[in-house]
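**Q** Just work.cif, nothing more (mmCIF, N, CA and C atoms):
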data_start
loop_
_atom_site.label_atom_id
_atom_site.label_comp_id
_atom_site.auth_asym_id
_atom_site.auth_seq_id
_atom_site.Cartn_x
_atom_site.Cartn_y
_atom_site.Cartn_z
N MET A 1 -6.27 26.50 -23.78
CA MET A 1 -7.18 26.21 -22.68
C MET A 1 -6.36 25.97 -21.41
N GLU A 2 -6.81 26.54 -20.32
CA GLU A 2 -6.10 26.38 -19.06
C GLU A 2 -6.27 24.97 -18.51
N ILE A 3 -5.32 24.57 -17.70
CA ILE A 3 -5.37 23.24 -17.08
C ILE A 3 -6.63 23.08 -16.25
N VAL A 4 -7.04 24.13 -15.56
CA VAL A 4 -8.22 24.08 -14.70
C VAL A 4 -9.45 23.63 -15.50
N ALA A 5 -9.55 24.02 -16.75
CA ALA A 5 -10.69 23.66 -17.58
C ALA A 5 -10.71 22.16 -17.88
N TRP A 6 -9.58 21.50 -17.78
CA TRP A 6 -9.49 20.07 -18.07
C TRP A 6 -9.79 19.20 -16.86
N VAL A 7 -9.73 19.77 -15.65
CA VAL A 7 -9.86 18.96 -14.44
C VAL A 7 -11.19 18.22 -14.40
N GLU A 8 -12.29 18.91 -14.60
CA GLU A 8 -13.60 18.27 -14.48
C GLU A 8 -13.83 17.20 -15.55
N PRO A 9 -13.53 17.45 -16.83
CA PRO A 9 -13.70 16.37 -17.81
C PRO A 9 -12.82 15.15 -17.52
N VAL A 10 -11.59 15.37 -17.07
CA VAL A 10 -10.70 14.25 -16.76
C VAL A 10 -11.22 13.51 -15.52
N ARG A 11 -11.72 14.25 -14.53
CA ARG A 11 -12.29 13.62 -13.34
C ARG A 11 -13.50 12.76 -13.72
N GLN A 12 -14.36 13.29 -14.58
CA GLN A 12 -15.53 12.53 -15.02
C GLN A 12 -15.12 11.28 -15.79
N LEU A 13 -14.10 11.40 -16.64
CA LEU A 13 -13.58 10.24 -17.36
C LEU A 13 -13.05 9.21 -16.36
N HIS A 14 -12.29 9.68 -15.39
CA HIS A 14 -11.72 8.79 -14.37
C HIS A 14 -12.82 8.04 -13.62
N VAL A 15 -13.84 8.75 -13.16
CA VAL A 15 -14.94 8.13 -12.42
C VAL A 15 -15.67 7.11 -13.31
N SER A 16 -15.92 7.48 -14.56
CA SER A 16 -16.60 6.55 -15.48
C SER A 16 -15.79 5.29 -15.69
N LEU A 17 -14.48 5.44 -15.83
CA LEU A 17 -13.61 4.28 -16.03
C LEU A 17 -13.50 3.43 -14.78
N VAL A 18 -13.54 4.05 -13.61
CA VAL A 18 -13.54 3.29 -12.35
C VAL A 18 -14.76 2.38 -12.32
N LEU A 19 -15.92 2.93 -12.66
CA LEU A 19 -17.15 2.15 -12.65
C LEU A 19 -17.13 1.06 -13.73
N ALA A 20 -16.65 1.40 -14.92
CA ALA A 20 -16.57 0.41 -16.00
C ALA A 20 -15.61 -0.71 -15.65
N SER A 21 -14.46 -0.36 -15.09
CA SER A 21 -13.47 -1.36 -14.72
C SER A 21 -14.02 -2.30 -13.64
N GLY A 22 -14.64 -1.73 -12.63
CA GLY A 22 -15.21 -2.55 -11.56
C GLY A 22 -16.32 -3.45 -12.06
N ALA A 23 -17.19 -2.92 -12.92
CA ALA A 23 -18.29 -3.72 -13.46
C ALA A 23 -17.77 -4.86 -14.32
N LEU A 24 -16.78 -4.57 -15.16
CA LEU A 24 -16.21 -5.62 -16.01
C LEU A 24 -15.53 -6.69 -15.16
N PHE A 25 -14.78 -6.26 -14.15
CA PHE A 25 -14.12 -7.24 -13.28
C PHE A 25 -15.15 -8.11 -12.57
N ALA A 26 -16.19 -7.50 -12.01
CA ALA A 26 -17.21 -8.27 -11.30
C ALA A 26 -17.89 -9.27 -12.25
N ALA A 27 -18.23 -8.81 -13.45
CA ALA A 27 -18.87 -9.70 -14.43
C ALA A 27 -17.95 -10.85 -14.81
N ARG A 28 -16.68 -10.56 -15.04
CA ARG A 28 -15.72 -11.61 -15.39
C ARG A 28 -15.55 -12.59 -14.24
N GLY A 29 -15.46 -12.05 -13.02
CA GLY A 29 -15.28 -12.92 -11.85
C GLY A 29 -16.45 -13.87 -11.64
N VAL A 30 -17.66 -13.34 -11.73
CA VAL A 30 -18.85 -14.18 -11.56
C VAL A 30 -18.92 -15.21 -12.68
N ALA A 31 -18.61 -14.80 -13.90
CA ALA A 31 -18.65 -15.72 -15.04
C ALA A 31 -17.61 -16.83 -14.89
N VAL A 32 -16.43 -16.50 -14.40
CA VAL A 32 -15.40 -17.53 -14.17
C VAL A 32 -15.93 -18.55 -13.17
N LEU A 33 -16.55 -18.07 -12.11
CA LEU A 33 -17.09 -18.99 -11.10
C LEU A 33 -18.19 -19.87 -11.67
N ALA A 34 -18.92 -19.34 -12.66
CA ALA A 34 -19.99 -20.11 -13.30
C ALA A 34 -19.47 -21.05 -14.37
N GLY A 35 -18.16 -21.01 -14.63
CA GLY A 35 -17.57 -21.92 -15.59
C GLY A 35 -17.50 -21.38 -17.01
N ALA A 36 -17.83 -20.13 -17.21
CA ALA A 36 -17.77 -19.54 -18.55
C ALA A 36 -16.32 -19.38 -18.99
N ARG A 37 -16.11 -19.43 -20.29
CA ARG A 37 -14.76 -19.28 -20.84
C ARG A 37 -14.48 -17.85 -21.34
N TRP A 38 -15.53 -17.08 -21.64
CA TRP A 38 -15.33 -15.75 -22.22
C TRP A 38 -14.48 -14.81 -21.36
N PRO A 39 -14.54 -14.89 -20.02
CA PRO A 39 -13.77 -13.92 -19.23
C PRO A 39 -12.26 -14.01 -19.42
N LEU A 40 -11.78 -15.16 -19.85
CA LEU A 40 -10.34 -15.34 -20.01
C LEU A 40 -9.90 -15.25 -21.47
N ARG A 41 -10.85 -15.04 -22.35
CA ARG A 41 -10.51 -14.90 -23.77
C ARG A 41 -9.89 -13.53 -24.04
N ARG A 42 -9.24 -13.47 -25.15
CA ARG A 42 -8.47 -12.27 -25.52
C ARG A 42 -9.30 -10.98 -25.48
N GLY A 43 -10.49 -10.98 -26.02
CA GLY A 43 -11.30 -9.77 -26.08
C GLY A 43 -11.59 -9.18 -24.70
N ALA A 44 -11.97 -10.04 -23.76
CA ALA A 44 -12.27 -9.57 -22.40
C ALA A 44 -11.01 -9.07 -21.71
N ARG A 45 -9.90 -9.78 -21.92
CA ARG A 45 -8.64 -9.36 -21.30
C ARG A 45 -8.16 -8.02 -21.87
N VAL A 46 -8.26 -7.87 -23.20
CA VAL A 46 -7.83 -6.63 -23.84
C VAL A 46 -8.71 -5.47 -23.40
N ALA A 47 -10.02 -5.69 -23.34
CA ALA A 47 -10.93 -4.62 -22.88
C ALA A 47 -10.55 -4.17 -21.47
N SER A 48 -10.26 -5.12 -20.62
CA SER A 48 -9.88 -4.80 -19.25
C SER A 48 -8.58 -3.99 -19.21
N VAL A 49 -7.59 -4.41 -19.97
CA VAL A 49 -6.30 -3.71 -20.00
C VAL A 49 -6.47 -2.29 -20.55
N VAL A 50 -7.25 -2.13 -21.60
CA VAL A 50 -7.46 -0.80 -22.20
C VAL A 50 -8.15 0.12 -21.19
N ILE A 51 -9.22 -0.36 -20.58
CA ILE A 51 -9.94 0.45 -19.59
C ILE A 51 -9.00 0.84 -18.46
N ASP A 52 -8.28 -0.13 -17.92
CA ASP A 52 -7.42 0.14 -16.77
C ASP A 52 -6.23 1.04 -17.12
N THR A 53 -5.72 0.94 -18.34
CA THR A 53 -4.62 1.80 -18.76
C THR A 53 -5.07 3.25 -18.88
N VAL A 54 -6.23 3.47 -19.51
CA VAL A 54 -6.76 4.83 -19.63
C VAL A 54 -7.15 5.36 -18.25
N LEU A 55 -7.67 4.49 -17.40
CA LEU A 55 -8.01 4.87 -16.02
C LEU A 55 -6.78 5.36 -15.27
N LEU A 56 -5.70 4.62 -15.37
CA LEU A 56 -4.47 5.01 -14.70
C LEU A 56 -3.93 6.33 -15.27
N ALA A 57 -3.99 6.48 -16.59
CA ALA A 57 -3.53 7.72 -17.21
C ALA A 57 -4.37 8.92 -16.75
N ALA A 58 -5.69 8.73 -16.66
CA ALA A 58 -6.56 9.81 -16.19
C ALA A 58 -6.24 10.15 -14.74
N GLY A 59 -6.03 9.12 -13.92
CA GLY A 59 -5.68 9.36 -12.52
C GLY A 59 -4.36 10.11 -12.38
N ALA A 60 -3.37 9.68 -13.12
CA ALA A 60 -2.06 10.35 -13.07
C ALA A 60 -2.18 11.79 -13.58
N SER A 61 -3.01 12.01 -14.58
CA SER A 61 -3.23 13.37 -15.07
C SER A 61 -3.85 14.25 -13.99
N LEU A 62 -4.80 13.69 -13.26
CA LEU A 62 -5.42 14.45 -12.17
C LEU A 62 -4.41 14.78 -11.09
N TRP A 63 -3.53 13.82 -10.76
CA TRP A 63 -2.50 14.12 -9.75
C TRP A 63 -1.68 15.32 -10.17
N THR A 64 -1.31 15.32 -11.46
CA THR A 64 -0.47 16.39 -11.98
C THR A 64 -1.23 17.72 -11.99
N MET A 65 -2.44 17.71 -12.53
CA MET A 65 -3.22 18.94 -12.62
C MET A 65 -3.54 19.53 -11.24
N LEU A 66 -3.81 18.66 -10.29
CA LEU A 66 -4.20 19.12 -8.95
C LEU A 66 -3.00 19.17 -7.99
N GLN A 67 -1.82 18.88 -8.53
CA GLN A 67 -0.58 18.89 -7.74
C GLN A 67 -0.69 18.03 -6.49
N MET A 68 -1.18 16.81 -6.71
CA MET A 68 -1.34 15.86 -5.60
C MET A 68 -0.11 14.98 -5.51
N ASN A 69 0.08 14.42 -4.32
CA ASN A 69 1.23 13.57 -4.06
C ASN A 69 0.78 12.45 -3.14
N PRO A 70 0.95 11.19 -3.53
CA PRO A 70 0.50 10.08 -2.70
C PRO A 70 1.18 10.00 -1.33
N VAL A 71 2.34 10.62 -1.19
CA VAL A 71 3.01 10.63 0.11
C VAL A 71 2.41 11.72 0.99
N ARG A 72 2.21 12.88 0.43
CA ARG A 72 1.64 14.00 1.19
C ARG A 72 0.14 13.83 1.41
N ASP A 73 -0.56 13.37 0.38
CA ASP A 73 -2.01 13.18 0.46
C ASP A 73 -2.27 11.72 0.82
N ALA A 74 -2.41 11.48 2.12
CA ALA A 74 -2.46 10.11 2.64
C ALA A 74 -3.58 9.29 2.02
N TRP A 75 -4.71 9.90 1.74
CA TRP A 75 -5.82 9.14 1.16
C TRP A 75 -5.45 8.60 -0.21
N LEU A 76 -4.70 9.38 -0.98
CA LEU A 76 -4.26 8.93 -2.31
C LEU A 76 -3.25 7.80 -2.19
N GLY A 77 -2.33 7.91 -1.24
CA GLY A 77 -1.39 6.83 -0.99
C GLY A 77 -2.10 5.56 -0.59
N ALA A 78 -3.12 5.68 0.27
CA ALA A 78 -3.90 4.51 0.69
C ALA A 78 -4.62 3.89 -0.50
N LYS A 79 -5.17 4.73 -1.35
CA LYS A 79 -5.88 4.23 -2.53
C LYS A 79 -4.94 3.47 -3.46
N LEU A 80 -3.73 3.97 -3.63
CA LEU A 80 -2.75 3.28 -4.49
C LEU A 80 -2.29 1.97 -3.87
N ALA A 81 -2.11 1.93 -2.56
CA ALA A 81 -1.74 0.68 -1.89
C ALA A 81 -2.87 -0.34 -2.04
N LEU A 82 -4.11 0.12 -1.87
CA LEU A 82 -5.25 -0.77 -2.05
C LEU A 82 -5.36 -1.26 -3.49
N LEU A 83 -4.96 -0.42 -4.44
CA LEU A 83 -4.99 -0.83 -5.85
C LEU A 83 -4.08 -2.04 -6.09
N VAL A 84 -2.93 -2.05 -5.47
CA VAL A 84 -2.01 -3.19 -5.60
C VAL A 84 -2.67 -4.46 -5.04
N VAL A 85 -3.29 -4.34 -3.88
CA VAL A 85 -3.98 -5.49 -3.27
C VAL A 85 -5.12 -5.96 -4.17
N TYR A 86 -5.88 -5.01 -4.71
CA TYR A 86 -6.99 -5.32 -5.61
C TYR A 86 -6.52 -6.08 -6.85
N VAL A 87 -5.44 -5.64 -7.44
CA VAL A 87 -4.90 -6.30 -8.64
C VAL A 87 -4.47 -7.72 -8.32
N LEU A 88 -3.78 -7.91 -7.21
CA LEU A 88 -3.34 -9.25 -6.81
C LEU A 88 -4.53 -10.17 -6.55
N LEU A 89 -5.51 -9.68 -5.80
CA LEU A 89 -6.70 -10.50 -5.53
C LEU A 89 -7.48 -10.77 -6.81
N GLY A 90 -7.54 -9.78 -7.70
CA GLY A 90 -8.23 -9.97 -8.97
C GLY A 90 -7.58 -11.04 -9.82
N SER A 91 -6.27 -11.06 -9.83
CA SER A 91 -5.55 -12.08 -10.58
C SER A 91 -5.85 -13.47 -10.02
N LEU A 92 -5.87 -13.57 -8.71
CA LEU A 92 -6.21 -14.85 -8.08
C LEU A 92 -7.65 -15.24 -8.38
N ALA A 93 -8.56 -14.28 -8.33
CA ALA A 93 -9.98 -14.56 -8.54
C ALA A 93 -10.27 -15.03 -9.95
N LEU A 94 -9.59 -14.47 -10.92
CA LEU A 94 -9.89 -14.80 -12.31
C LEU A 94 -9.16 -16.04 -12.82
N LYS A 95 -7.98 -16.31 -12.26
CA LYS A 95 -7.19 -17.35 -12.91
C LYS A 95 -6.27 -18.13 -11.98
N ARG A 96 -5.62 -17.48 -11.08
CA ARG A 96 -4.48 -18.09 -10.40
C ARG A 96 -4.81 -18.87 -9.14
N ALA A 97 -5.95 -18.62 -8.52
CA ALA A 97 -6.28 -19.38 -7.30
C ALA A 97 -6.51 -20.85 -7.68
N PRO A 98 -6.08 -21.78 -6.82
CA PRO A 98 -6.08 -23.20 -7.20
C PRO A 98 -7.44 -23.88 -7.23
N THR A 99 -8.41 -23.35 -6.51
CA THR A 99 -9.72 -24.02 -6.45
C THR A 99 -10.84 -23.00 -6.69
N PRO A 100 -12.01 -23.49 -7.07
CA PRO A 100 -13.15 -22.58 -7.23
C PRO A 100 -13.50 -21.84 -5.93
N ALA A 101 -13.38 -22.51 -4.81
CA ALA A 101 -13.67 -21.85 -3.52
C ALA A 101 -12.67 -20.73 -3.25
N ALA A 102 -11.42 -20.96 -3.55
CA ALA A 102 -10.40 -19.92 -3.37
C ALA A 102 -10.65 -18.77 -4.33
N ARG A 103 -11.04 -19.07 -5.57
CA ARG A 103 -11.36 -18.01 -6.54
C ARG A 103 -12.54 -17.18 -6.04
N ALA A 104 -13.55 -17.84 -5.49
CA ALA A 104 -14.72 -17.13 -4.97
C ALA A 104 -14.32 -16.22 -3.80
N GLY A 105 -13.50 -16.73 -2.90
CA GLY A 105 -13.04 -15.93 -1.78
C GLY A 105 -12.22 -14.73 -2.24
N CYS A 106 -11.37 -14.94 -3.22
CA CYS A 106 -10.56 -13.84 -3.75
C CYS A 106 -11.43 -12.81 -4.48
N LEU A 107 -12.46 -13.28 -5.18
CA LEU A 107 -13.37 -12.36 -5.85
C LEU A 107 -14.08 -11.48 -4.82
N LEU A 108 -14.60 -12.09 -3.77
CA LEU A 108 -15.28 -11.31 -2.72
C LEU A 108 -14.31 -10.33 -2.06
N ALA A 109 -13.11 -10.79 -1.78
CA ALA A 109 -12.11 -9.91 -1.15
C ALA A 109 -11.74 -8.76 -2.09
N ALA A 110 -11.56 -9.05 -3.38
CA ALA A 110 -11.22 -8.01 -4.35
C ALA A 110 -12.34 -6.98 -4.45
N LEU A 111 -13.58 -7.44 -4.46
CA LEU A 111 -14.71 -6.51 -4.52
C LEU A 111 -14.81 -5.66 -3.25
N ALA A 112 -14.46 -6.25 -2.11
CA ALA A 112 -14.44 -5.48 -0.85
C ALA A 112 -13.34 -4.41 -0.91
N VAL A 113 -12.19 -4.76 -1.46
CA VAL A 113 -11.10 -3.79 -1.60
C VAL A 113 -11.52 -2.69 -2.58
N TYR A 114 -12.18 -3.06 -3.67
CA TYR A 114 -12.68 -2.08 -4.64
C TYR A 114 -13.63 -1.10 -3.94
N GLY A 115 -14.54 -1.62 -3.16
CA GLY A 115 -15.47 -0.76 -2.42
C GLY A 115 -14.74 0.15 -1.45
N THR A 116 -13.71 -0.38 -0.82
CA THR A 116 -12.92 0.45 0.10
C THR A 116 -12.20 1.56 -0.67
N MET A 117 -11.66 1.23 -1.84
CA MET A 117 -11.01 2.27 -2.66
C MET A 117 -12.01 3.37 -3.03
N LEU A 118 -13.23 2.98 -3.37
CA LEU A 118 -14.25 3.98 -3.69
C LEU A 118 -14.52 4.88 -2.48
N SER A 119 -14.64 4.26 -1.31
CA SER A 119 -14.94 5.05 -0.11
C SER A 119 -13.77 5.96 0.27
N VAL A 120 -12.55 5.50 0.04
CA VAL A 120 -11.38 6.34 0.29
C VAL A 120 -11.40 7.54 -0.65
N ALA A 121 -11.69 7.30 -1.92
CA ALA A 121 -11.71 8.39 -2.90
C ALA A 121 -12.83 9.39 -2.58
N LEU A 122 -14.00 8.89 -2.22
CA LEU A 122 -15.13 9.78 -1.96
C LEU A 122 -14.95 10.59 -0.67
N SER A 123 -14.36 9.96 0.33
CA SER A 123 -14.19 10.65 1.62
C SER A 123 -12.89 11.44 1.70
N ARG A 124 -11.95 11.09 0.81
CA ARG A 124 -10.60 11.66 0.86
C ARG A 124 -9.98 11.46 2.24
N HIS A 125 -10.21 10.27 2.76
CA HIS A 125 -9.65 9.88 4.05
C HIS A 125 -9.03 8.50 3.85
N PRO A 126 -7.83 8.24 4.40
CA PRO A 126 -7.15 6.96 4.16
C PRO A 126 -7.92 5.73 4.61
N LEU A 127 -8.82 5.88 5.57
CA LEU A 127 -9.61 4.73 6.03
C LEU A 127 -10.93 4.61 5.31
N GLY A 128 -11.31 5.62 4.55
CA GLY A 128 -12.59 5.57 3.84
C GLY A 128 -13.73 5.33 4.81
N ALA A 129 -14.65 4.45 4.43
CA ALA A 129 -15.80 4.14 5.27
C ALA A 129 -15.39 3.44 6.57
N TRP A 130 -14.23 2.82 6.59
CA TRP A 130 -13.77 2.12 7.79
C TRP A 130 -13.52 3.08 8.95
N ARG A 131 -13.34 4.35 8.66
CA ARG A 131 -13.11 5.31 9.74
C ARG A 131 -14.33 5.43 10.65
N LEU A 132 -15.51 5.08 10.13
CA LEU A 132 -16.71 5.12 10.95
C LEU A 132 -16.67 4.08 12.06
N LEU A 133 -15.90 3.01 11.84
CA LEU A 133 -15.75 1.96 12.86
C LEU A 133 -14.64 2.25 13.84
N ALA A 134 -13.75 3.15 13.46
CA ALA A 134 -12.58 3.44 14.31
C ALA A 134 -12.92 4.40 15.45
#
Could you show the structure in this file as structure tokens?
**A**
Amino acid sequence: MEIVAWVEPVRQLHVSLVLASGALFAARGVAVLAGARWPLRRGARVASVVIDTVLLAAGASLWTMLQMNPVRDAWLGAKLALLVVYVLLGSLALKRAPTPAARAGCLLAALAVYGTMLSVALSRHPLGAWRLLA
């Protein structure tokens, strides 16, 4: 089977995992703020790691199949930089921020970054939806 035949199924997998990862993160974040313990238990953490690992593998596969480069393709570079910010804010939101108010702020900021990553991917522009304000 040619590589071209794999692009659409891998893209669909990637998009599905993006949505699953975001939904799980949002649910865990809200539950942490509500005082639930399940978001920090092993099962929830493992599910998150598995989803995100397969998501990253699907994304890297797409880069290879489509011969993309985060340096040349500025929107992809922006998305990867935002991913680092999202991961850091997510860590603070779920566990590391010192107060519930700080966790709530980090959760909102992480979700805003997630939304920006989606808009960057959909528009294939480094500013995503923010370009409308520029």
**Q** On this structure, which residues satisfy the PyMOL selection byres ((chain A and resi 28-44) around 8), written as a CSV table (one decimal) with N, CA and C atoms, in the frame of the given file?
**A**
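Result went into out07.csv, see below:
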chain,number,residue,atom,x,y,z
A,22,GLY,N,-14.6,-1.7,-12.6
A,22,GLY,CA,-15.2,-2.6,-11.6
A,22,GLY,C,-16.3,-3.4,-12.1
A,23,ALA,N,-17.2,-2.9,-12.9
A,23,ALA,CA,-18.3,-3.7,-13.5
A,23,ALA,C,-17.8,-4.9,-14.3
A,24,LEU,N,-16.8,-4.6,-15.2
A,24,LEU,CA,-16.2,-5.6,-16.0
A,24,LEU,C,-15.5,-6.7,-15.2
A,25,PHE,N,-14.8,-6.3,-14.2
A,25,PHE,CA,-14.1,-7.2,-13.3
A,25,PHE,C,-15.2,-8.1,-12.6
A,26,ALA,N,-16.2,-7.5,-12.0
A,26,ALA,CA,-17.2,-8.3,-11.3
A,26,ALA,C,-17.9,-9.3,-12.2
A,27,ALA,N,-18.2,-8.8,-13.4
A,27,ALA,CA,-18.9,-9.7,-14.4
A,27,ALA,C,-18.0,-10.8,-14.8
A,45,ARG,N,-9.9,-9.8,-21.9
A,45,ARG,CA,-8.6,-9.4,-21.3
A,45,ARG,C,-8.2,-8.0,-21.9
A,46,VAL,N,-8.3,-7.9,-23.2
A,46,VAL,CA,-7.8,-6.6,-23.8
A,46,VAL,C,-8.7,-5.5,-23.4
A,47,ALA,N,-10.0,-5.7,-23.3
A,47,ALA,CA,-10.9,-4.6,-22.9
A,47,ALA,C,-10.6,-4.2,-21.5
A,48,SER,N,-10.3,-5.1,-20.6
A,48,SER,CA,-9.9,-4.8,-19.2
A,48,SER,C,-8.6,-4.0,-19.2
A,49,VAL,N,-7.6,-4.4,-20.0
A,49,VAL,CA,-6.3,-3.7,-20.0
A,49,VAL,C,-6.5,-2.3,-20.6
A,50,VAL,N,-7.2,-2.1,-21.6
A,50,VAL,CA,-7.5,-0.8,-22.2
A,50,VAL,C,-8.2,0.1,-21.2
A,93,ALA,N,-8.6,-14.3,-8.3
A,93,ALA,CA,-10.0,-14.6,-8.5
A,93,ALA,C,-10.3,-15.0,-10.0
A,94,LEU,N,-9.6,-14.5,-10.9
A,94,LEU,CA,-9.9,-14.8,-12.3
A,94,LEU,C,-9.2,-16.0,-12.8
A,95,LYS,N,-8.0,-16.3,-12.3
A,95,LYS,CA,-7.2,-17.4,-12.9
A,95,LYS,C,-6.3,-18.1,-12.0
A,100,PRO,N,-12.0,-23.5,-7.1
A,100,PRO,CA,-13.2,-22.6,-7.2
A,100,PRO,C,-13.5,-21.8,-5.9
A,103,ARG,N,-11.0,-19.1,-5.6
A,103,ARG,CA,-11.4,-18.0,-6.5
A,103,ARG,C,-12.5,-17.2,-6.0
A,104,ALA,N,-13.6,-17.8,-5.5
A,104,ALA,CA,-14.7,-17.1,-5.0
A,104,ALA,C,-14.3,-16.2,-3.8
A,107,LEU,N,-12.5,-13.3,-5.2
A,107,LEU,CA,-13.4,-12.4,-5.8
A,107,LEU,C,-14.1,-11.5,-4.8
**Q** Just give me the gap between atom CA of Val84 of chain A and atom C of Ala110 of chain A in Å, one decimal is fine.
**A**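 These two atoms are separated by 11.1 Å.
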**Q** Measure the distance from atom CA of Arg72 of chain A to atom C of Arg131 of chain A in Å and round it to one decimal.
**A**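 Separation of atom CA of Arg72 of chain A and atom C of Arg131 of chain A: 20.4 Å.
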**Q** One decimal, Å: what's the distance from atom CA of Asp73 of chain A over to atom CA of Ser61 of chain A, could you say?
**A**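 Value for the atom CA of Asp73 of chain A-atom CA of Ser61 of chain A distance: 15.6 Å.
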**Q** Leu82 of chain A: which residues within 10 Å, counting only C-alpha atoms, same-chain residues fewer than 4 positions away excluded, as a list in words?
**A**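 What passes the distance filter is Leu76, Gly77, Ala78, Tyr86, Val87, Leu88, Ala110, Val113, Tyr114, Thr116, Met117 and Val120 of chain A.
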**Q** Once DSSP has gone over the backbone, tell me which residues of chain A are in alpha helix (DSSP H), as a VMD selection string.
**A** chain A and resid 3 to 33 42 to 65 74 to 91 100 to 123
**Q** Could you tell me which of A:Met65, A:Leu55, A:Leu92, A:Ser123 comes closest to Glu8 of chain A if we count only C-alpha atoms?
**A** A:Met65
**Q** Given the choices A:Leu66, A:Ala20, A:Ala60, A:Leu122, which gets closest to Val4 of chain A if the distance is worked out from only C-alpha atoms?
**A** A:Leu66
**Q** Would you mind telling me which residue in A:Leu13, A:Thr99, A:Val7, A:Ser21 lies nearest to Gln67 of chain A when using only C-alpha atoms?
**A**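 Answer, going by the shortest atom-to-atom distance: A:Val7.
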**Q** Can you work out which one of A:Leu89, A:Ala129, A:Val54, A:Ala102 has the shortest atom-to-atom distance to Gly115 of chain A, counting only N, CA and C atoms?
**A**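 When distances to Gly115 of chain A are compared using only N, CA and C atoms, the smallest one comes from A:Ala129.
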